[in-house]
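Visitor: Coordinates in upload-v4.cif, mmCIF, C-alpha atoms, are listed below.
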data_my_file
#
loop_
_atom_site.label_atom_id
_atom_site.label_comp_id
_atom_site.auth_asym_id
_atom_site.auth_seq_id
_atom_site.Cartn_x
_atom_site.Cartn_y
_atom_site.Cartn_z
CA MET A 1 -112.25 -32.50 -27.46
CA THR A 2 -111.97 -35.37 -24.98
CA GLU A 3 -108.71 -37.34 -24.79
CA ASN A 4 -110.13 -40.11 -26.99
CA GLU A 5 -111.57 -37.70 -29.55
CA LEU A 6 -108.23 -35.92 -29.78
CA LEU A 7 -106.35 -39.22 -30.19
CA THR A 8 -108.77 -40.27 -32.94
CA ARG A 9 -108.24 -36.95 -34.71
CA ILE A 10 -104.46 -37.38 -34.41
CA SER A 11 -104.74 -40.89 -35.90
CA GLU A 12 -106.84 -39.60 -38.81
CA VAL A 13 -104.44 -36.78 -39.67
CA GLN A 14 -101.43 -39.02 -39.13
CA PHE A 15 -102.92 -41.53 -41.55
CA VAL A 16 -103.12 -38.85 -44.23
CA CYS A 17 -99.45 -38.05 -43.54
CA VAL A 18 -98.42 -41.73 -43.79
CA GLU A 19 -100.27 -42.08 -47.10
CA LEU A 20 -98.79 -38.88 -48.57
CA ASN A 21 -95.32 -39.77 -47.29
CA LEU A 22 -95.37 -43.17 -49.03
CA TYR A 23 -96.79 -41.60 -52.21
CA LEU A 24 -94.06 -38.94 -52.19
CA ASP A 25 -91.40 -41.64 -51.78
CA THR A 26 -92.07 -42.68 -55.38
CA HIS A 27 -93.28 -39.24 -56.60
CA PRO A 28 -90.88 -36.78 -54.91
CA THR A 29 -91.48 -34.02 -57.49
CA ASP A 30 -95.29 -33.90 -57.20
CA THR A 31 -95.66 -30.34 -55.89
CA GLU A 32 -99.37 -30.66 -55.08
CA ALA A 33 -98.76 -33.73 -52.92
CA ARG A 34 -95.78 -32.02 -51.26
CA SER A 35 -97.96 -29.05 -50.41
CA ASP A 36 -100.67 -31.33 -48.96
CA TYR A 37 -98.03 -33.20 -46.97
CA TYR A 38 -96.76 -29.91 -45.54
CA SER A 39 -100.27 -28.74 -44.55
CA TYR A 40 -101.20 -32.02 -42.89
CA SER A 41 -97.81 -32.27 -41.14
CA LYS A 42 -98.42 -28.83 -39.61
CA LEU A 43 -101.93 -29.80 -38.56
CA LEU A 44 -100.59 -33.05 -37.04
CA ASP A 45 -97.96 -31.13 -35.12
CA GLU A 46 -100.62 -28.74 -33.74
CA LEU A 47 -102.90 -31.60 -32.67
CA ILE A 48 -100.04 -33.50 -30.99
CA THR A 49 -98.95 -30.35 -29.14
CA GLU A 50 -102.56 -29.80 -28.00
CA TYR A 51 -102.79 -33.41 -26.79
CA GLU A 52 -99.43 -33.46 -25.03
CA THR A 53 -99.98 -30.12 -23.31
CA GLU A 54 -103.16 -31.52 -21.78
CA TYR A 55 -102.46 -35.23 -21.29
CA GLY A 56 -98.70 -35.82 -21.40
CA PRO A 57 -96.05 -37.13 -23.82
CA LEU A 58 -96.87 -39.36 -26.79
CA MET A 59 -93.20 -39.85 -27.66
CA GLY A 60 -90.03 -40.59 -25.71
CA PHE A 61 -86.36 -39.73 -26.20
CA GLY A 62 -86.90 -35.97 -26.03
CA HIS A 63 -89.48 -35.70 -28.80
CA SER A 64 -92.34 -34.58 -26.54
CA PRO A 65 -91.14 -31.41 -24.77
CA VAL A 66 -93.92 -31.23 -22.17
CA ASN A 67 -93.88 -31.47 -18.40
CA THR A 68 -97.42 -32.81 -18.12
CA GLY A 69 -98.69 -36.37 -17.68
CA CYS A 70 -96.48 -39.41 -17.21
CA TRP A 71 -94.63 -41.39 -19.89
CA VAL A 72 -94.24 -44.47 -17.72
CA CYS A 73 -97.69 -44.66 -16.16
CA SER A 74 -100.00 -43.57 -19.00
CA GLU A 75 -101.85 -46.47 -20.62
CA TRP A 76 -99.91 -48.60 -23.12
CA PRO A 77 -101.51 -49.03 -26.53
CA TRP A 78 -102.07 -52.78 -26.13
CA GLU A 79 -104.07 -52.36 -22.92
CA ARG A 80 -107.86 -52.55 -23.21
CA GLU A 81 -109.84 -49.34 -22.79
CA MET B 1 -82.93 -44.25 -35.30
CA TRP B 2 -86.56 -44.81 -34.44
CA ILE B 3 -88.80 -42.88 -32.05
CA TYR B 4 -91.68 -44.72 -30.37
CA GLN B 5 -95.10 -43.12 -30.33
CA LYS B 6 -97.32 -44.43 -27.53
CA LYS B 7 -100.40 -45.13 -29.65
CA LEU B 8 -101.54 -47.66 -32.27
CA GLU B 9 -101.81 -46.77 -35.95
CA PHE B 10 -105.46 -47.94 -35.82
CA PRO B 11 -107.49 -48.41 -32.60
CA ILE B 12 -107.99 -51.92 -31.18
CA ASN B 13 -110.18 -52.89 -28.24
CA ILE B 14 -111.10 -56.60 -28.08
CA THR B 15 -113.71 -57.11 -25.36
CA THR B 16 -115.31 -60.23 -26.88
CA PRO B 17 -112.28 -62.42 -27.66
CA ASP B 18 -112.26 -65.25 -30.19
CA LEU B 19 -109.33 -67.58 -29.58
CA ALA B 20 -109.63 -69.27 -32.97
CA VAL B 21 -109.09 -65.88 -34.62
CA ALA B 22 -106.20 -65.15 -32.22
CA LYS B 23 -104.58 -68.39 -33.36
CA ALA B 24 -105.11 -67.48 -37.03
CA LEU B 25 -103.63 -64.03 -36.37
CA MET B 26 -100.34 -65.67 -35.40
CA ALA B 27 -99.78 -66.08 -39.16
CA GLN B 28 -99.34 -62.31 -39.30
CA TYR B 29 -97.27 -62.08 -36.11
CA GLY B 30 -94.68 -64.79 -36.78
CA GLY B 31 -95.50 -66.54 -40.07
CA PRO B 32 -93.62 -66.34 -43.40
CA ASP B 33 -95.70 -63.38 -44.63
CA SER B 34 -96.05 -61.80 -41.19
CA GLU B 35 -95.72 -58.12 -40.41
CA LEU B 36 -92.48 -59.01 -38.60
CA GLY B 37 -91.07 -60.63 -41.73
CA ALA B 38 -92.20 -57.69 -43.87
CA ALA B 39 -90.67 -55.08 -41.56
CA MET B 40 -87.32 -56.88 -41.33
CA ARG B 41 -87.28 -57.71 -45.05
CA TYR B 42 -87.77 -54.11 -46.20
CA LEU B 43 -85.56 -52.54 -43.56
CA THR B 44 -82.69 -54.84 -44.45
CA GLN B 45 -83.17 -54.75 -48.25
CA ARG B 46 -83.01 -50.94 -48.26
CA PHE B 47 -79.21 -50.90 -47.76
CA SER B 48 -78.51 -52.24 -51.27
CA MET B 49 -81.10 -50.21 -53.23
CA PRO B 50 -79.66 -48.13 -56.14
CA ASP B 51 -82.09 -45.17 -56.08
CA ASP B 52 -83.29 -42.66 -53.46
CA ARG B 53 -86.95 -43.36 -54.20
CA LEU B 54 -86.46 -47.09 -53.59
CA ARG B 55 -84.48 -46.48 -50.41
CA ALA B 56 -87.20 -44.13 -49.13
CA THR B 57 -90.03 -46.54 -49.97
CA LEU B 58 -88.39 -49.52 -48.26
CA ASN B 59 -87.42 -47.41 -45.24
CA ASP B 60 -90.90 -45.97 -44.77
CA ILE B 61 -93.00 -49.05 -45.56
CA GLY B 62 -90.67 -51.07 -43.32
CA THR B 63 -91.33 -48.57 -40.56
CA GLU B 64 -95.10 -48.75 -41.04
CA GLU B 65 -94.92 -52.57 -40.88
CA ILE B 66 -93.51 -52.37 -37.35
CA ALA B 67 -96.66 -50.46 -36.36
CA HIS B 68 -98.74 -53.22 -37.98
CA TRP B 69 -96.81 -55.88 -36.07
CA GLU B 70 -97.74 -54.03 -32.88
CA MET B 71 -101.42 -54.07 -33.93
CA ILE B 72 -101.35 -57.86 -34.47
CA GLY B 73 -99.56 -58.38 -31.14
CA THR B 74 -102.19 -56.23 -29.45
CA MET B 75 -105.04 -58.30 -30.92
CA ILE B 76 -103.40 -61.57 -29.85
CA HIS B 77 -102.63 -60.22 -26.36
CA GLN B 78 -106.15 -58.90 -25.76
CA SER B 79 -107.58 -62.21 -27.01
CA ILE B 80 -105.59 -64.61 -24.84
CA GLU B 81 -104.76 -62.66 -21.67
CA GLY B 82 -108.06 -63.52 -19.98
CA ALA B 83 -108.63 -66.95 -21.55
CA SER B 84 -109.17 -70.00 -19.34
CA LEU B 85 -107.09 -73.15 -19.80
CA GLN B 86 -110.14 -74.92 -21.19
CA GLU B 87 -110.75 -72.16 -23.75
CA LEU B 88 -107.10 -72.31 -24.83
CA LYS B 89 -107.34 -76.10 -25.16
CA ASP B 90 -110.57 -75.91 -27.16
CA ALA B 91 -108.93 -73.47 -29.59
CA GLY B 92 -105.99 -75.83 -30.11
CA LEU B 93 -103.62 -73.61 -28.13
CA ALA B 94 -102.57 -76.13 -25.45
CA GLY B 95 -99.16 -76.57 -27.08
CA TYR B 96 -98.73 -72.81 -27.39
CA TYR B 97 -99.72 -72.32 -23.73
CA THR B 98 -97.23 -74.99 -22.60
CA ILE B 99 -94.29 -73.05 -24.02
CA HIS B 100 -95.45 -69.42 -24.09
CA GLY B 101 -98.23 -69.22 -21.50
CA ARG B 102 -100.46 -66.27 -22.26
CA GLY B 103 -97.57 -64.29 -23.70
CA VAL B 104 -97.26 -63.16 -27.32
CA TYR B 105 -94.67 -65.08 -29.35
CA PRO B 106 -93.75 -64.94 -33.06
CA ALA B 107 -94.82 -68.37 -34.25
CA ASP B 108 -97.35 -69.22 -36.96
CA PRO B 109 -100.76 -70.85 -36.19
CA ASN B 110 -99.13 -74.28 -36.47
CA GLY B 111 -96.57 -73.39 -33.83
CA VAL B 112 -93.66 -73.02 -36.26
CA PRO B 113 -91.44 -70.27 -34.83
CA PHE B 114 -90.40 -67.25 -36.88
CA THR B 115 -87.14 -67.75 -38.75
CA ALA B 116 -84.74 -65.37 -40.51
CA SER B 117 -85.21 -67.35 -43.73
CA TYR B 118 -88.54 -65.46 -44.10
CA ILE B 119 -86.51 -62.24 -44.50
CA ALA B 120 -85.77 -62.79 -48.18
CA ALA B 121 -82.99 -60.43 -49.28
CA THR B 122 -80.75 -61.13 -52.26
CA GLY B 123 -78.87 -57.85 -52.64
CA ASP B 124 -80.32 -57.74 -56.18
CA PRO B 125 -82.82 -54.83 -56.38
CA VAL B 126 -84.89 -56.40 -59.17
CA ALA B 127 -85.25 -59.69 -57.31
CA ASP B 128 -85.93 -57.92 -54.00
CA ILE B 129 -88.65 -55.57 -55.30
CA ALA B 130 -90.33 -58.48 -57.11
CA GLU B 131 -90.21 -60.38 -53.81
CA ASP B 132 -91.80 -57.42 -52.01
CA MET B 133 -94.67 -57.14 -54.51
CA ALA B 134 -95.41 -60.84 -54.00
CA ALA B 135 -95.07 -60.48 -50.22
CA GLU B 136 -97.76 -57.79 -50.12
CA GLN B 137 -100.15 -59.96 -52.14
CA LYS B 138 -99.44 -62.98 -49.90
CA ALA B 139 -100.15 -60.87 -46.82
CA ARG B 140 -103.39 -59.58 -48.40
CA ALA B 141 -104.47 -63.17 -49.06
CA ALA B 142 -103.62 -64.15 -45.48
CA TYR B 143 -105.72 -61.28 -44.11
CA GLU B 144 -108.65 -62.37 -46.26
CA HIS B 145 -108.28 -65.95 -44.99
CA ILE B 146 -108.34 -64.66 -41.40
CA MET B 147 -111.33 -62.39 -42.07
CA ASN B 148 -113.22 -65.36 -43.55
CA GLN B 149 -113.05 -66.98 -40.10
CA THR B 150 -114.95 -64.34 -38.11
CA GLN B 151 -117.96 -62.02 -38.03
CA ASN B 152 -116.59 -60.16 -34.98
CA GLU B 153 -116.32 -56.46 -35.84
CA GLN B 154 -113.70 -55.91 -33.11
CA TYR B 155 -111.33 -57.99 -35.28
CA LEU B 156 -112.75 -57.14 -38.69
CA ALA B 157 -112.29 -53.35 -38.43
CA PRO B 158 -108.50 -53.43 -37.82
CA LEU B 159 -108.14 -56.37 -40.26
CA ARG B 160 -109.86 -54.39 -43.02
CA PHE B 161 -107.43 -51.54 -42.36
CA LEU B 162 -104.41 -53.87 -42.47
CA ARG B 163 -105.62 -55.62 -45.63
CA GLU B 164 -106.02 -52.26 -47.36
CA ARG B 165 -102.48 -51.25 -46.34
CA GLU B 166 -101.15 -54.34 -48.17
CA VAL B 167 -102.93 -53.14 -51.31
CA VAL B 168 -101.41 -49.66 -50.99
CA HIS B 169 -97.93 -51.05 -50.31
CA PHE B 170 -98.23 -53.27 -53.39
CA GLN B 171 -99.06 -50.15 -55.40
CA ARG B 172 -95.93 -48.36 -54.09
CA PHE B 173 -93.72 -51.40 -54.80
CA SER B 174 -95.19 -51.61 -58.32
CA GLU B 175 -94.02 -48.02 -58.82
CA CYS B 176 -90.59 -49.05 -57.50
CA TRP B 177 -90.58 -51.84 -60.08
CA ASN B 178 -91.33 -49.31 -62.84
CA ILE B 179 -88.53 -47.06 -61.56
CA LEU B 180 -86.12 -50.00 -61.76
CA MET B 181 -87.24 -50.81 -65.30
CA GLU B 182 -86.62 -47.17 -66.28
CA LEU B 183 -83.18 -47.26 -64.72
CA TYR B 184 -82.33 -50.48 -66.55
CA PRO B 185 -84.55 -50.44 -69.66
CA ASP B 186 -82.95 -53.42 -71.35
CA GLY B 187 -83.15 -55.48 -68.19
CA ARG B 188 -79.40 -55.38 -67.71
CA GLN B 189 -79.57 -55.51 -63.96
CA ASN B 190 -76.11 -57.05 -64.10
CA LYS B 191 -74.94 -53.45 -64.12
CA LEU B 192 -76.26 -53.20 -60.58
CA ARG B 193 -73.97 -55.91 -59.34
CA GLY B 194 -70.73 -54.22 -60.23
#
Take the structure I supplied and represent it as structure tokens, if you would.
Guide:
Amino acid sequence: MTENELLTRISEVQFVCVELNLYLDTHPTDTEARSDYYSYSKLLDELITEYETEYGPLMGFGHSPVNTGCWVCSEWPWERE
Amino acid sequence: MWIYQKKLEFPINITTPDLAVAKALMAQYGGPDSELGAAMRYLTQRFSMPDDRLRATLNDIGTEEIAHWEMIGTMIHQSIEGASLQELKDAGLAGYYTIHGRGVYPADPNGVPFTASYIAATGDPVADIAEDMAAEQKARAAYEHIMNQTQNEQYLAPLRFLREREVVHFQRFSECWNILMELYPDGRQNKLRG
């Protein structure tokens, strides 16, 4: 996948996680939703690791343990493509 | 604490700016029902919530609202950064430009700056959750009013996403309301005040 394709995939999977997270906030005992949340969280983690290994950190403060890319000089989200 | 992720929740790339829409978008950046107001309202109301599910919902929706605030700021920034003085004037942004230049500032489309009075928080969970349900509907209405002002897909795609999030948040807050009614079936929320 190209950088943009990978970022799009991350956004898609992350969106599923956001939705399930909010749903679980009011339905914490729904085991099916918990299981889905776990699966998608693992997939999200794998995709983020794949991205960061290739292109550099997506997060600061020690949450992206990679020595690739550049936190300061990679494009900021509000900059045009 | 919060950890920043260097990406938007939904992609934005405005290459054909519309300054009238940018001005309308200021409602959601610094207006009474803005994403800023929503984020601060939920994140500050959460401290006095009586149930884990309510605390979690306010914490997590409040967190998502910060990401939405960043999306609105991005749309405004990409719309006005390359605008000429004449274009700003024609869009009724001369007053805005005089004070804020081409920067992004939390004021509504009429230039009224954001104020803490938009962060309604009473310390009463029933009043606060009712406030939040209304806030999501007001934000949905505002998004529809903004969408009515453009045919530009570069704005409409993220706006559709944001409008839909208001609908989902309303659903979650409705469930919070039901949880509160179960906790206090006879409406005796006085018990909450201790």
Visitor: Would you kindly report the residues of chain A within 12 Å of chain B, using all atoms listed in the file, as a PyMOL selection string?
Guide: chain A and resi 4-5+7-29+48+52+56-64+70-81
Visitor: Using all atoms listed in the file, can you tell me which of B:Asp18, B:Asp124, B:Glu87, B:Asp132 comes closest to Met49 (chain B)?
Guide: B:Asp124
Visitor: The PyMOL selection byres ((chain B and resi 128) around 10) - which residues does that actually catch in the file I just gave you? List them as an MDAnalysis selection string.
Guide: chainID B and resid 41:42 45:46 48:49 120:127 129:134 177
Visitor: I'd like the contact shell of Gly101 (chain B) - 10 Å cut-off, only C-alpha atoms, skipping same-chain residues fewer than 5 positions apart - returned as a list in words.
Guide: Ile80, Glu81, Leu85, Leu88, Leu93, Ala94, Gly95 and Tyr96 of chain B
Visitor: Store the residues picked out above, limited to C-alpha atoms, as a compact mmCIF listing (two decimals), keeping the file's coordinate frame.
Guide:
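Ended up saving to selection-v7.txt:
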# COMPACT_ATOMS: atom_id res chain seq x y z
CA ILE B 80 -105.59 -64.61 -24.84
CA GLU B 81 -104.76 -62.66 -21.67
CA LEU B 85 -107.09 -73.15 -19.80
CA LEU B 88 -107.10 -72.31 -24.83
CA LEU B 93 -103.62 -73.61 -28.13
CA ALA B 94 -102.57 -76.13 -25.45
CA GLY B 95 -99.16 -76.57 -27.08
CA TYR B 96 -98.73 -72.81 -27.39
Visitor: Calculate how many Å separate CA of Pro17 (chain B) from CA of Asn148 (chain B), rounding to one decimal.
Guide: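 Atom-to-atom, CA of Pro17 (chain B) to CA of Asn148 (chain B), that is 16.2 Å.
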Visitor: Counting only C-alpha atoms, figure out which residue out of B:Tyr184, B:Tyr143, B:Phe161, B:Tyr29 gets nearest to Gly111 (chain B).
Guide: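 Ranked by minimum distance to Gly111 (chain B), first place goes to B:Tyr29.
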Visitor: CA of Asn110 (chain B) and CA of Met26 (chain B), how far apart in Å?
Guide: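 Separating CA of Met26 (chain B) from CA of Asn110 (chain B) is a distance of 8.8 Å.
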Visitor: Apply the PyMOL selection byres ((chain B and resi 113) around 12) to the displayed file and report the matching residues as a list of chain:residue names.
Guide: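 That expression, the PyMOL selection byres ((chain B and resi 113) around 12), corresponds here to B:Met26, B:Ala27, B:Tyr29, B:Gly30, B:Gly31, B:Pro32, B:Ser34, B:Leu36, B:Gly37, B:Tyr96, B:Ile99, B:His100, B:Val104, B:Tyr105, B:Pro106, B:Ala107, B:Asp108, B:Pro109, B:Asn110, B:Gly111, B:Val112, B:Phe114, B:Thr115, B:Ala116, B:Ser117, B:Tyr118.
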Visitor: For the file shown, report as a VMD selection string the outcome of the PyMOL selection byres ((chain B and resi 24) around 9) at residue level.
Guide: chain B and resid 19 to 23 25 to 28 108 to 109 145 to 146 149
Visitor: So how far away is CA of Leu162 (chain B) from CA of His68 (chain B), in Å?
Guide: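 Separation between CA of His68 (chain B) and CA of Leu162 (chain B): 7.3 Å.
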Visitor: Rank nothing, just name the residue among B:Met40, B:Tyr97, B:Phe47, B:Met147 nearest to Ser84 (chain B), using only C-alpha atoms.
Guide: B:Tyr97
